[in-house]
$ cat data23.txt   # compact mmCIF, C-alpha atoms
# COMPACT_ATOMS: atom_id res chain seq x y z
CA MET A 1 4.04 12.66 21.42
CA LEU A 2 1.44 10.79 23.37
CA TRP A 3 -1.29 10.93 20.78
CA LEU A 4 0.98 9.46 18.13
CA ALA A 5 1.31 6.43 20.33
CA ALA A 6 -2.47 6.54 20.53
CA ALA A 7 -2.61 6.57 16.72
CA CYS A 8 -0.91 3.18 16.72
CA THR A 9 -3.06 1.55 19.34
CA ALA A 10 -6.44 3.29 19.20
CA THR A 11 -7.68 0.90 16.57
CA ALA A 12 -6.93 -2.33 18.36
CA ALA A 13 -10.64 -3.00 18.81
CA GLN A 14 -12.42 -4.33 15.72
CA GLY A 15 -15.50 -2.44 14.57
CA ASP A 16 -15.55 0.29 17.21
CA ALA A 17 -13.28 2.95 18.68
CA GLY A 18 -14.02 4.95 21.81
CA SER A 19 -13.37 8.68 22.22
CA LEU A 20 -9.73 9.63 21.76
CA THR A 21 -9.90 12.66 24.05
CA GLY A 22 -12.89 12.41 26.36
CA VAL A 23 -13.81 15.92 25.15
CA PRO A 24 -17.08 15.92 23.18
CA GLY A 25 -16.61 16.80 19.51
CA ASP A 26 -17.91 20.08 18.09
CA PRO A 27 -20.06 19.41 14.98
CA ALA A 28 -19.57 22.91 13.55
CA ARG A 29 -15.80 22.62 13.76
CA GLY A 30 -16.17 19.09 12.38
CA LEU A 31 -17.95 20.39 9.29
CA ALA A 32 -15.19 22.95 8.66
CA ILE A 33 -12.53 20.23 9.00
CA LEU A 34 -14.43 17.79 6.78
CA ARG A 35 -14.54 20.39 3.99
CA ASP A 36 -10.95 21.58 4.35
CA PRO A 37 -9.08 20.69 1.14
CA SER A 38 -5.73 20.94 2.93
CA LEU A 39 -6.87 18.06 5.18
CA PRO A 40 -7.74 15.71 2.29
CA SER A 41 -11.45 16.51 2.33
CA CYS A 42 -13.95 13.73 2.89
CA LEU A 43 -15.85 15.38 0.01
CA ILE A 44 -13.18 14.15 -2.43
CA CYS A 45 -14.94 10.78 -2.16
CA HIS A 46 -18.22 11.31 -0.30
CA SER A 47 -21.27 13.54 -0.67
CA VAL A 48 -23.54 15.17 1.89
CA SER A 49 -26.64 16.43 0.11
CA SER A 50 -27.39 19.11 2.71
CA LEU A 51 -24.11 20.88 1.80
CA PRO A 52 -23.96 23.36 -1.10
CA ASP A 53 -20.40 22.36 -2.08
CA ARG A 54 -19.89 21.72 -5.79
CA ASP A 55 -18.15 18.65 -7.26
CA GLN A 56 -18.75 16.40 -4.27
CA GLY A 57 -17.23 12.93 -4.32
CA VAL A 58 -18.57 9.76 -5.89
CA LEU A 59 -15.86 7.21 -5.06
CA GLY A 60 -17.41 6.39 -1.66
CA PRO A 61 -21.04 6.06 -0.45
CA SER A 62 -23.11 9.14 0.37
CA LEU A 63 -22.85 10.12 4.03
CA ASP A 64 -26.53 11.08 4.17
CA GLY A 65 -28.14 9.24 7.06
CA VAL A 66 -24.84 7.81 8.24
CA ALA A 67 -25.89 8.41 11.87
CA ASP A 68 -28.81 6.02 11.33
CA ARG A 69 -26.52 3.26 10.10
CA PHE A 70 -23.54 3.60 12.47
CA THR A 71 -22.82 4.36 16.11
CA ALA A 72 -20.37 7.16 16.94
CA ASP A 73 -17.80 4.51 17.87
CA ALA A 74 -18.15 2.80 14.47
CA VAL A 75 -17.86 6.15 12.61
CA ARG A 76 -14.83 7.08 14.68
CA LEU A 77 -13.13 3.79 13.84
CA ARG A 78 -13.60 4.44 10.11
CA ILE A 79 -12.12 7.91 10.40
CA ILE A 80 -9.20 6.71 12.52
CA ASP A 81 -8.31 3.86 10.17
CA ALA A 82 -10.91 2.54 7.73
CA ARG A 83 -8.62 -0.41 6.99
CA LYS A 84 -9.78 -1.85 10.31
CA ALA A 85 -13.31 -2.08 8.91
CA SER A 86 -12.38 -3.10 5.35
CA PRO A 87 -8.74 -3.94 4.70
CA GLU A 88 -8.75 -3.08 0.96
CA THR A 89 -10.52 0.27 1.36
CA ILE A 90 -9.33 3.29 -0.60
CA MET A 91 -10.36 5.55 2.28
CA PRO A 92 -7.21 7.11 3.79
CA PRO A 93 -6.39 6.49 7.46
CA TYR A 94 -6.92 9.88 9.13
CA PHE A 95 -5.37 8.95 12.46
CA ALA A 96 -2.88 6.14 11.86
CA ILE A 97 0.77 6.05 10.85
CA ASP A 98 1.39 2.33 10.65
CA GLY A 99 1.46 0.21 7.51
CA LEU A 100 2.15 3.17 5.19
CA PHE A 101 4.85 3.25 2.48
CA ARG A 102 6.96 6.21 1.25
CA VAL A 103 5.02 8.90 3.06
CA GLY A 104 6.38 12.28 1.87
CA SER A 105 8.93 13.83 4.22
CA ARG A 106 6.61 16.70 5.13
CA TRP A 107 4.01 14.25 6.42
CA ARG A 108 6.11 11.36 7.68
CA GLY A 109 5.23 10.24 11.21
CA LYS A 110 2.25 12.61 11.27
CA THR A 111 -1.43 11.79 11.17
CA ILE A 112 -3.86 13.70 8.93
CA TYR A 113 -6.08 14.68 11.87
CA ASP A 114 -5.22 15.30 15.49
CA PRO A 115 -7.36 13.53 18.12
CA GLN A 116 -9.77 16.40 18.69
CA GLN A 117 -10.29 16.75 14.93
CA VAL A 118 -11.30 13.07 14.84
CA GLU A 119 -13.84 13.82 17.59
CA ASP A 120 -15.16 16.94 15.82
CA VAL A 121 -15.68 15.19 12.47
CA THR A 122 -17.28 12.21 14.24
CA ALA A 123 -19.66 14.64 15.98
CA PHE A 124 -20.59 16.24 12.66
CA LEU A 125 -21.28 12.87 11.04
CA MET A 126 -23.56 11.96 13.94
CA THR A 127 -25.76 14.94 12.98
CA LEU A 128 -26.43 13.30 9.59
CA ALA A 129 -29.63 11.45 10.47
CA GLU A 130 -32.58 11.21 8.08
CA MET B 1 23.47 -15.09 -21.72
CA LYS B 2 23.34 -18.10 -19.42
CA PRO B 3 20.52 -20.59 -20.08
CA HIS B 4 18.69 -19.89 -16.79
CA LEU B 5 18.75 -16.18 -17.58
CA ILE B 6 17.20 -16.88 -20.96
CA MET B 7 14.55 -18.98 -19.21
CA LEU B 8 13.88 -16.17 -16.77
CA GLY B 9 13.65 -13.74 -19.67
CA SER B 10 11.12 -15.83 -21.54
CA CYS B 11 9.06 -16.50 -18.39
CA LEU B 12 8.83 -12.76 -17.85
CA LEU B 13 7.89 -12.30 -21.49
CA ALA B 14 5.12 -14.87 -21.12
CA MET B 15 3.85 -13.16 -17.96
CA VAL B 16 3.90 -9.78 -19.64
CA ALA B 17 2.13 -11.10 -22.69
CA SER B 18 -0.59 -12.89 -20.76
CA ALA B 19 -1.25 -10.68 -17.74
CA GLY B 20 -2.79 -7.72 -19.55
CA TYR B 21 -2.30 -4.22 -18.25
CA THR B 22 -5.80 -2.86 -18.04
CA ASP B 23 -9.11 -4.60 -17.79
CA ALA B 24 -10.19 -2.32 -20.62
CA PRO B 25 -8.66 -1.17 -23.89
CA PRO B 26 -6.45 1.89 -23.45
CA ILE B 27 -8.21 5.26 -23.72
CA SER B 28 -6.36 8.55 -24.10
CA GLY B 29 -6.74 11.22 -21.41
CA TYR B 30 -8.00 13.41 -24.28
CA GLN B 31 -11.31 11.52 -24.21
CA PHE B 32 -11.91 12.60 -20.61
CA MET B 33 -11.36 16.32 -21.20
CA GLU B 34 -13.86 19.09 -21.67
CA PRO B 35 -14.46 20.19 -25.29
CA GLU B 36 -12.69 23.53 -24.70
CA THR B 37 -9.52 21.77 -23.54
CA ARG B 38 -9.64 19.40 -26.52
CA GLN B 39 -9.98 22.37 -28.87
CA LEU B 40 -6.81 23.88 -27.41
CA GLN B 41 -4.93 20.70 -28.24
CA ASP B 42 -6.51 20.27 -31.67
CA ASP B 43 -5.64 23.71 -32.98
CA ASP B 44 -1.90 24.16 -33.51
CA PHE B 45 -2.35 27.94 -33.43
CA LEU B 46 -4.06 27.87 -30.03
CA ASN B 47 -2.12 24.98 -28.47
CA PRO B 48 0.21 26.56 -25.88
CA ALA B 49 2.52 23.53 -26.05
CA MET B 50 3.35 24.25 -29.72
CA PHE B 51 5.71 26.82 -28.23
CA LEU B 52 7.89 23.88 -27.14
CA VAL B 53 7.95 22.38 -30.64
CA GLU B 54 8.99 25.72 -32.11
CA LYS B 55 11.65 26.24 -29.50
CA GLY B 56 12.85 22.68 -30.12
CA ALA B 57 13.23 23.42 -33.81
CA THR B 58 15.50 26.36 -32.98
CA LEU B 59 17.61 24.20 -30.64
CA TRP B 60 17.82 21.47 -33.30
CA GLY B 61 19.79 23.84 -35.56
CA GLN B 62 21.92 25.31 -32.78
CA GLU B 63 25.62 24.59 -32.11
CA TRP B 64 26.16 23.06 -28.67
CA THR B 65 29.90 23.88 -28.59
CA ASP B 66 31.70 26.70 -30.45
CA GLY B 67 31.91 25.70 -34.09
CA GLY B 68 30.63 22.21 -33.16
CA ALA B 69 27.88 20.11 -34.63
CA THR B 70 24.15 20.71 -34.43
CA CYS B 71 21.56 17.95 -34.20
CA GLN B 72 20.77 18.80 -37.80
CA SER B 73 24.36 18.05 -38.87
CA CYS B 74 23.74 14.35 -38.46
CA HIS B 75 19.95 14.07 -38.43
CA GLN B 76 19.39 16.07 -41.58
CA ASN B 77 15.72 15.51 -42.18
CA ILE B 78 13.99 15.52 -38.83
CA ALA B 79 10.60 14.63 -40.30
CA THR B 80 11.90 11.36 -41.71
CA ASP B 81 14.82 10.64 -39.33
CA MET B 82 12.72 11.06 -36.19
CA ALA B 83 9.37 9.77 -37.49
CA GLY B 84 8.02 7.20 -35.01
CA VAL B 85 11.09 7.41 -32.80
CA ALA B 86 9.38 8.82 -29.67
CA ALA B 87 6.61 6.21 -29.95
CA GLY B 88 9.20 3.51 -29.21
CA TYR B 89 10.64 5.03 -26.00
CA PRO B 90 11.71 3.95 -23.42
CA ARG B 91 13.87 1.48 -25.30
CA THR B 92 17.20 -0.29 -25.07
CA ASP B 93 19.90 2.11 -26.23
CA PRO B 94 21.95 0.58 -29.06
CA VAL B 95 25.11 2.28 -27.79
CA SER B 96 24.97 1.67 -24.01
CA GLY B 97 22.72 -1.42 -24.04
CA ARG B 98 20.72 0.19 -21.21
CA MET B 99 17.04 1.11 -21.05
CA VAL B 100 16.64 4.85 -21.63
CA SER B 101 13.79 7.31 -21.78
CA LEU B 102 13.70 9.83 -24.63
CA GLU B 103 14.91 12.50 -22.21
CA MET B 104 17.90 10.35 -21.21
CA LYS B 105 18.69 9.71 -24.88
CA VAL B 106 18.67 13.42 -25.75
CA ILE B 107 20.83 14.18 -22.71
CA SER B 108 23.35 11.55 -23.83
CA GLU B 109 23.35 12.90 -27.40
CA ILE B 110 24.28 16.35 -26.06
CA ALA B 111 26.61 15.34 -23.23
CA GLY B 112 28.14 12.27 -24.84
CA ARG B 113 28.13 12.72 -28.59
CA LEU B 114 28.46 16.52 -28.63
CA GLY B 115 30.52 17.00 -25.47
CA ALA B 116 28.37 19.90 -24.30
CA ALA B 117 26.60 20.66 -21.03
CA ALA B 118 23.23 18.92 -21.30
CA PRO B 119 20.03 20.61 -20.16
CA ALA B 120 18.62 19.22 -16.92
CA TYR B 121 15.67 16.84 -16.68
CA GLY B 122 12.59 19.04 -16.45
CA SER B 123 14.29 22.09 -18.03
CA GLU B 124 12.51 23.94 -20.81
CA ASP B 125 15.28 23.11 -23.31
CA LEU B 126 14.87 19.39 -22.72
CA LEU B 127 11.08 19.66 -22.85
CA ALA B 128 11.48 21.53 -26.15
CA LEU B 129 13.73 18.93 -27.79
CA THR B 130 11.58 16.01 -26.62
CA ALA B 131 8.43 17.84 -27.76
CA LEU B 132 9.99 18.39 -31.20
CA ILE B 133 11.00 14.73 -31.48
CA GLY B 134 7.62 13.59 -30.08
CA PHE B 135 5.82 15.78 -32.62
CA GLN B 136 7.37 13.66 -35.41
CA SER B 137 5.36 10.71 -34.01
CA ARG B 138 2.04 12.54 -33.70
CA GLY B 139 -0.77 10.19 -34.74
CA LEU B 140 1.45 7.10 -34.63
CA PRO B 141 0.74 4.32 -32.12
CA MET B 142 2.82 3.95 -28.97
CA ASN B 143 4.77 0.75 -29.51
CA VAL B 144 7.36 0.11 -26.85
CA ALA B 145 8.78 -3.32 -27.42
CA VAL B 146 8.57 -6.07 -24.81
CA THR B 147 12.02 -7.61 -24.95
CA PRO B 148 14.16 -9.61 -22.52
CA GLU B 149 15.78 -6.28 -21.58
CA SER B 150 12.57 -4.31 -21.10
CA ALA B 151 10.49 -7.06 -19.43
CA PRO B 152 12.00 -6.70 -15.94
CA TRP B 153 11.55 -2.91 -16.15
CA ILE B 154 7.93 -3.39 -17.11
CA GLU B 155 7.38 -5.70 -14.15
CA THR B 156 9.03 -3.27 -11.75
CA GLY B 157 6.90 -0.48 -13.19
CA ARG B 158 3.76 -2.50 -12.70
CA GLU B 159 4.72 -3.06 -9.08
CA ILE B 160 5.28 0.65 -8.52
CA PHE B 161 1.94 1.40 -10.20
CA THR B 162 0.03 -0.99 -7.98
CA THR B 163 1.78 -0.31 -4.66
CA ARG B 164 -0.09 1.84 -2.19
CA ARG B 165 1.92 4.77 -0.93
CA GLY B 166 1.83 8.08 0.85
CA GLN B 167 -0.17 9.38 3.78
CA LEU B 168 -3.37 8.74 1.78
CA ASN B 169 -2.30 5.13 1.21
CA LEU B 170 -3.35 4.95 -2.45
CA SER B 171 -1.74 3.33 -5.48
CA CYS B 172 -1.75 4.75 -8.99
CA ALA B 173 -3.97 1.80 -9.90
CA ASN B 174 -6.55 2.69 -7.23
CA CYS B 175 -7.39 5.78 -9.30
CA HIS B 176 -6.25 5.08 -12.87
CA GLN B 177 -7.20 1.40 -13.07
CA ASP B 178 -10.11 0.95 -10.65
CA HIS B 179 -11.85 4.33 -10.88
CA TRP B 180 -11.14 5.87 -14.28
CA GLY B 181 -14.16 7.58 -15.76
CA GLU B 182 -15.35 8.66 -12.29
CA LYS B 183 -15.26 12.21 -10.95
CA LEU B 184 -12.67 13.39 -8.47
CA ARG B 185 -13.78 16.91 -7.54
CA GLY B 186 -13.67 18.83 -10.82
CA ASP B 187 -11.60 16.26 -12.75
CA THR B 188 -12.68 13.08 -14.46
CA ILE B 189 -10.08 10.46 -13.55
CA SER B 190 -8.46 9.15 -16.72
CA GLN B 191 -6.49 5.94 -17.19
CA GLY B 192 -3.25 7.84 -16.52
CA GLN B 193 -1.92 7.31 -20.04
CA ILE B 194 1.31 8.96 -21.21
CA ASN B 195 0.73 9.39 -24.94
CA ALA B 196 0.45 13.20 -24.95
CA PHE B 197 3.66 14.27 -23.20
CA PRO B 198 5.27 16.76 -22.99
CA ILE B 199 2.03 18.60 -22.24
CA TYR B 200 0.82 22.04 -21.34
CA ARG B 201 -1.24 21.64 -18.17
CA LEU B 202 -3.75 24.40 -17.47
CA THR B 203 -3.70 23.84 -13.68
CA TRP B 204 0.08 24.32 -13.73
CA SER B 205 0.07 27.14 -16.29
CA ASP B 206 3.20 25.35 -17.41
CA PHE B 207 4.68 22.53 -19.46
CA GLY B 208 5.58 19.16 -18.05
CA SER B 209 7.14 15.80 -18.84
CA ARG B 210 5.72 12.39 -18.02
CA GLN B 211 7.85 12.28 -14.93
CA ARG B 212 6.63 15.68 -13.71
CA MET B 213 3.11 14.26 -13.89
CA PHE B 214 4.18 11.20 -11.85
CA THR B 215 5.61 13.54 -9.22
CA TRP B 216 2.42 15.62 -9.16
CA CYS B 217 0.26 12.55 -8.58
CA MET B 218 2.61 11.22 -5.90
CA GLU B 219 2.57 14.56 -4.08
CA SER B 220 -1.21 14.70 -4.25
CA ILE B 221 -1.36 11.46 -2.26
CA ARG B 222 1.38 12.85 0.04
CA ALA B 223 3.93 10.27 -1.07
CA GLU B 224 7.65 10.85 -1.51
CA PRO B 225 8.23 11.18 -5.27
CA TYR B 226 11.22 9.56 -6.98
CA ASP B 227 13.90 11.66 -8.69
CA TYR B 228 13.62 12.64 -12.34
CA GLY B 229 15.64 10.16 -14.35
CA SER B 230 15.56 7.56 -11.54
CA ASP B 231 15.28 3.84 -12.28
CA GLU B 232 11.86 3.85 -10.58
CA TYR B 233 10.44 6.51 -12.92
CA LEU B 234 12.03 4.82 -15.93
CA ALA B 235 10.34 1.55 -14.91
CA LEU B 236 7.00 3.30 -14.36
CA GLU B 237 7.27 5.00 -17.73
CA THR B 238 8.16 1.74 -19.49
CA PHE B 239 5.23 -0.06 -17.86
CA LEU B 240 2.79 2.73 -18.76
CA ALA B 241 4.03 2.83 -22.35
CA VAL B 242 3.34 -0.89 -22.77
CA ARG B 243 0.03 -0.60 -20.91
CA GLY B 244 -1.01 2.11 -23.37
CA ALA B 245 0.32 0.33 -26.46
CA GLY B 246 -1.53 1.38 -29.58
CA LEU B 247 -2.66 4.79 -28.34
CA ALA B 248 -1.87 7.52 -30.85
CA ILE B 249 0.87 9.93 -29.77
CA GLU B 250 -0.66 13.40 -29.21
CA THR B 251 2.54 15.34 -28.51
CA PRO B 252 2.36 18.21 -27.72
CA GLY B 253 -0.76 17.62 -25.61
CA VAL B 254 -2.92 19.94 -23.53
CA ARG B 255 -4.47 18.80 -20.24
CA ARG B 256 -6.64 20.45 -17.63
$ encode --input "data23.txt" --output "C-alpha cells"
Amino acid sequence: MLWLAAACTATAAQGDAGSLTGVPGDPARGLAILRDPSLPSCLICHSVSSLPDRDQGVLGPSLDGVADRFTADAVRLRIIDARKASPETIMPPYFAIDGLFRVGSRWRGKTIYDPQQVEDVTAFLMTLAE
Amino acid sequence: MKPHLIMLGSCLLAMVASAGYTDAPPISGYQFMEPETRQLQDDDFLNPAMFLVEKGATLWGQEWTDGGATCQSCHQNIATDMAGVAAGYPRTDPVSGRMVSLEMKVISEIAGRLGAAAPAYGSEDLLALTALIGFQSRGLPMNVAVTPESAPWIETGREIFTTRRGQLNLSCANCHQDHWGEKLRGDTISQGQINAFPIYRLTWSDFGSRQRMFTWCMESIRAEPYDYGSDEYLALETFLAVRGAGLAIETPGVRR
C-alpha cells in the first residue's frame, strides 16, 4: 500500500509535515474522527473547551487556541508522529508504523489514521483559534 | 552455585534493593475508587467477588479423583494453614525449585499431587481456589521475597513494565508510574497495584486474575498480550508484587 510507505517517510522533515493527500481536510469530519473512541480519541489526553464531551483528557495540554500557536504543517507533524517533535512523548503516533514493539496482531502494520483522516483532524485543529 | 553466579545474584540483589520501584510509597487501587465501589468491596454481603471465596470453599472439600484426596485432607485448617500464603506469591516452589504464581501452584497441587485434570488459567474454578487462599491473607502485607532466584524475574518484570509497546506506544509505567492520580476519561489512573486480586471488575461484569488485568491493559494500548502462565506475566507479577510490598491484601477486591 502506497500510503503505508508514506507513513514511514512522511515525517522525515523535522518540525513540519506537508499535506499527505493534497486534498484539503474537512474540519467537520475531523471533529468526528477526533472524538471517535475506536480511533484512540485525542480527548483521552486533551481537552477542547468548546466541546460538550464529558471526562475530557488532562494528560496533554488543552488544544484551545492551538491554531494560534502552530501552523497546519506543525500540527500535522504531531498527529503523524509526535515523537518527531518530542522523542519521549506519550502521544501515540497516528500515522507511523516504525519503531513500535509488540503491536497486537489486529493492528500490526496498520496506522491509526489513514492519510485523509490526518488531513481532516489537522483541518479541525486549525479552527481552534482564540 | 559457581562463584560468579553468586556475584551476579548479589549484584542483582543490590540493584533491586537500591533502585526503588516507585517514586512514591505504594497506594492501593482502592484509594482511587469512588465511595460506592469501595462500599461494595468493604461489605462481604454486597461484594460480588465473595461468590468466588464461597465457591472456593466448596472446591476445597471436593474430591478431585474418585475416592481420592481433597485439599482439606492435607491442609486441614485452611485459616491457619493458608494464612499469609498468598501474600508471599510468586515465590520459589520448594518442590520444583522454580518461581511460581499462586495459580501455577494450585494447578500443580491438582495435576501433580492429586493426579487430576487441573482447571485452566483464567477458569472460574481456579479463580475460586485462589480467591479462597487469598482471602486467608486479607489485611496482611504483600511480602514477596527478593532472593537470588526471584531477583532476575523482578528485573525482567521491571523491563516489561517500562517498555513501550503496542500501536499506542505506551509502557505500563507511562500510566501507572508517571501519571497515577490523573484522570483518564472516567477513570482515575491508579499505580497498577495487584493486592486485590482476584477481583470483580464492574466494567467486565466478571471476575479476573492479575494476569487478566495485564491482558486488558495491553489490549487497551493495542499491544499483543502474553499468554496466561507465561514467563513474561510471571516476571511482571513478581515485579509488581515487590513494587507493592507492604500493601494490605484486599482479596477478593472490587474495581470499577
$ closest_atom_pairs --input "data23.txt" --of "chain B" --to "chain A" --cutoff "10 Å" --atoms "all atoms listed in the file" --output "Markdown table"
| residue | atom | partner | partner_atom | distance |
| --- | --- | --- | --- | --- |
| B:Thr163 | CA | A:Phe101 | CA | 8.5 |
| B:Arg164 | CA | A:Phe101 | CA | 6.9 |
| B:Arg165 | CA | A:Phe101 | CA | 4.7 |
| B:Gly166 | CA | A:Val103 | CA | 4.0 |
| B:Gln167 | CA | A:Val103 | CA | 5.3 |
| B:Leu168 | CA | A:Pro92 | CA | 4.6 |
| B:Asn169 | CA | A:Pro92 | CA | 5.9 |
| B:Leu170 | CA | A:Ile90 | CA | 6.5 |
| B:Ser171 | CA | A:Ile90 | CA | 9.0 |
| B:Asn174 | CA | A:Ile90 | CA | 7.2 |
| B:Cys175 | CA | A:Ile90 | CA | 9.3 |
| B:His179 | CA | A:Leu59 | CA | 7.6 |
| B:Glu182 | CA | A:Val58 | CA | 7.2 |
| B:Lys183 | CA | A:Val58 | CA | 6.5 |
| B:Leu184 | CA | A:Ile44 | CA | 6.1 |
| B:Arg185 | CA | A:Asp55 | CA | 4.7 |
| B:Gly186 | CA | A:Asp55 | CA | 5.7 |
| B:Asp187 | CA | A:Asp55 | CA | 8.9 |
| B:Met218 | CA | A:Gly104 | CA | 8.7 |
| B:Glu219 | CA | A:Gly104 | CA | 7.4 |
| B:Ser220 | CA | A:Pro40 | CA | 9.3 |
| B:Ile221 | CA | A:Val103 | CA | 8.7 |
| B:Arg222 | CA | A:Gly104 | CA | 5.4 |
| B:Ala223 | CA | A:Gly104 | CA | 4.3 |
| B:Glu224 | CA | A:Gly104 | CA | 3.9 |
| B:Pro225 | CA | A:Gly104 | CA | 7.5 |
| B:Tyr226 | CA | A:Arg102 | CA | 9.9 |
$ closest_residue --input "data23.txt" --among "A:Ile80, A:Cys42, A:Val23, A:Val66" --to "Asp114 of chain A" --atoms "all atoms listed in the file"
A:Ile80
$ axis_aligned_box --input "data23.txt" --around "segment 39-56 of chain A" --padding-each-side "4 Å" --output "lines of an AutoDock Vina configuration file"
center_x = -17.1
center_y = 17.1
center_z = -1.0
size_x = 28.5
size_y = 20.6
size_z = 20.4
$ residues_around --input "data23.txt" --residues "segment 24-31 of chain A" --least-positions-apart "3" --cutoff "9 Å" --atoms "only C-alpha atoms" --output "mmCIF file with C-alpha atoms, in the coordinates of the input"
data_model
loop_
_atom_site.group_PDB
_atom_site.id
_atom_site.type_symbol
_atom_site.label_atom_id
_atom_site.label_comp_id
_atom_site.auth_asym_id
_atom_site.auth_seq_id
_atom_site.Cartn_x
_atom_site.Cartn_y
_atom_site.Cartn_z
ATOM 1 C CA SER A 19 -13.370 8.680 22.220
ATOM 2 C CA THR A 21 -9.900 12.660 24.050
ATOM 3 C CA LEU A 34 -14.430 17.790 6.780
ATOM 4 C CA ARG A 35 -14.540 20.390 3.990
ATOM 5 C CA ASP A 36 -10.950 21.580 4.350
ATOM 6 C CA GLN A 116 -9.770 16.400 18.690
ATOM 7 C CA GLN A 117 -10.290 16.750 14.930
ATOM 8 C CA VAL A 118 -11.300 13.070 14.840
ATOM 9 C CA GLU A 119 -13.840 13.820 17.590
ATOM 10 C CA ASP A 120 -15.160 16.940 15.820
ATOM 11 C CA VAL A 121 -15.680 15.190 12.470
ATOM 12 C CA THR A 122 -17.280 12.210 14.240
ATOM 13 C CA ALA A 123 -19.660 14.640 15.980
ATOM 14 C CA PHE A 124 -20.590 16.240 12.660
ATOM 15 C CA LEU A 125 -21.280 12.870 11.040
ATOM 16 C CA MET A 126 -23.560 11.960 13.940
ATOM 17 C CA THR A 127 -25.760 14.940 12.980
#
$ closest_residue --input "data23.txt" --among "B:Trp64, B:Arg201, B:Ile78, B:Thr215" --to "Gly112 of chain B" --atoms "only C-alpha atoms"
B:Trp64
$ closest_residue --input "data23.txt" --among "B:Ile27, B:Leu202, B:Ala117, B:Ala241" --to "Asn47 of chain B" --atoms "only C-alpha atoms"
B:Leu202
$ atom_distance --input "data23.txt" --atom1 "atom CA of Ser28 of chain B" --atom2 "atom CA of Ala79 of chain B"
24.2 Å
$ atom_distance --input "data23.txt" --atom1 "atom CA of Gln193 of chain B" --atom2 "atom CA of Ala86 of chain B"
14.9 Å
$ decode --input "data23.txt" --residues "segment 200-214 of chain B" --atoms "N, CA and C atoms" --output "PDB file, in the first residue's frame"
ATOM      1  N   TYR B 200     -13.590  -8.609  41.315  1.00  0.00           N
ATOM      2  CA  TYR B 200     -14.760  -8.450  40.473  1.00  0.00           C
ATOM      3  C   TYR B 200     -14.626  -7.070  39.856  1.00  0.00           C
ATOM      4  N   ARG B 201     -14.658  -6.993  38.513  1.00  0.00           N
ATOM      5  CA  ARG B 201     -14.499  -5.696  37.861  1.00  0.00           C
ATOM      6  C   ARG B 201     -15.827  -5.305  37.224  1.00  0.00           C
ATOM      7  N   LEU B 202     -16.343  -4.149  37.647  1.00  0.00           N
ATOM      8  CA  LEU B 202     -17.677  -3.726  37.214  1.00  0.00           C
ATOM      9  C   LEU B 202     -17.729  -3.561  35.696  1.00  0.00           C
ATOM     10  N   THR B 203     -16.659  -3.006  35.085  1.00  0.00           N
ATOM     11  CA  THR B 203     -16.689  -2.807  33.627  1.00  0.00           C
ATOM     12  C   THR B 203     -16.680  -4.134  32.873  1.00  0.00           C
ATOM     13  N   TRP B 204     -16.203  -5.197  33.513  1.00  0.00           N
ATOM     14  CA  TRP B 204     -16.253  -6.513  32.871  1.00  0.00           C
ATOM     15  C   TRP B 204     -17.550  -7.242  33.210  1.00  0.00           C
ATOM     16  N   SER B 205     -18.214  -6.857  34.270  1.00  0.00           N
ATOM     17  CA  SER B 205     -19.272  -7.663  34.891  1.00  0.00           C
ATOM     18  C   SER B 205     -18.769  -9.088  35.086  1.00  0.00           C
ATOM     19  N   ASP B 206     -17.536  -9.194  35.562  1.00  0.00           N
ATOM     20  CA  ASP B 206     -16.932 -10.525  35.667  1.00  0.00           C
ATOM     21  C   ASP B 206     -15.737 -10.458  36.619  1.00  0.00           C
ATOM     22  N   PHE B 207     -15.274 -11.668  36.974  1.00  0.00           N
ATOM     23  CA  PHE B 207     -14.103 -11.798  37.828  1.00  0.00           C
ATOM     24  C   PHE B 207     -12.842 -11.812  36.980  1.00  0.00           C
ATOM     25  N   GLY B 208     -11.708 -11.530  37.598  1.00  0.00           N
ATOM     26  CA  GLY B 208     -10.468 -11.641  36.846  1.00  0.00           C
ATOM     27  C   GLY B 208      -9.257 -11.770  37.735  1.00  0.00           C
ATOM     28  N   SER B 209      -8.237 -12.421  37.174  1.00  0.00           N
ATOM     29  CA  SER B 209      -6.951 -12.600  37.860  1.00  0.00           C
ATOM     30  C   SER B 209      -6.057 -11.403  37.555  1.00  0.00           C
ATOM     31  N   ARG B 210      -4.913 -11.372  38.207  1.00  0.00           N
ATOM     32  CA  ARG B 210      -3.903 -10.358  37.900  1.00  0.00           C
ATOM     33  C   ARG B 210      -3.569 -10.392  36.421  1.00  0.00           C
ATOM     34  N   GLN B 211      -3.404 -11.575  35.901  1.00  0.00           N
ATOM     35  CA  GLN B 211      -2.934 -11.679  34.519  1.00  0.00           C
ATOM     36  C   GLN B 211      -4.022 -11.277  33.531  1.00  0.00           C
ATOM     37  N   ARG B 212      -5.304 -11.448  33.892  1.00  0.00           N
ATOM     38  CA  ARG B 212      -6.365 -10.954  33.015  1.00  0.00           C
ATOM     39  C   ARG B 212      -6.285  -9.424  32.927  1.00  0.00           C
ATOM     40  N   MET B 213      -5.969  -8.800  34.067  1.00  0.00           N
ATOM     41  CA  MET B 213      -5.847  -7.338  34.092  1.00  0.00           C
ATOM     42  C   MET B 213      -4.685  -6.888  33.202  1.00  0.00           C
ATOM     43  N   PHE B 214      -3.549  -7.624  33.278  1.00  0.00           N
ATOM     44  CA  PHE B 214      -2.409  -7.264  32.418  1.00  0.00           C
ATOM     45  C   PHE B 214      -2.846  -7.306  30.948  1.00  0.00           C
TER      46      PHE B 214
END
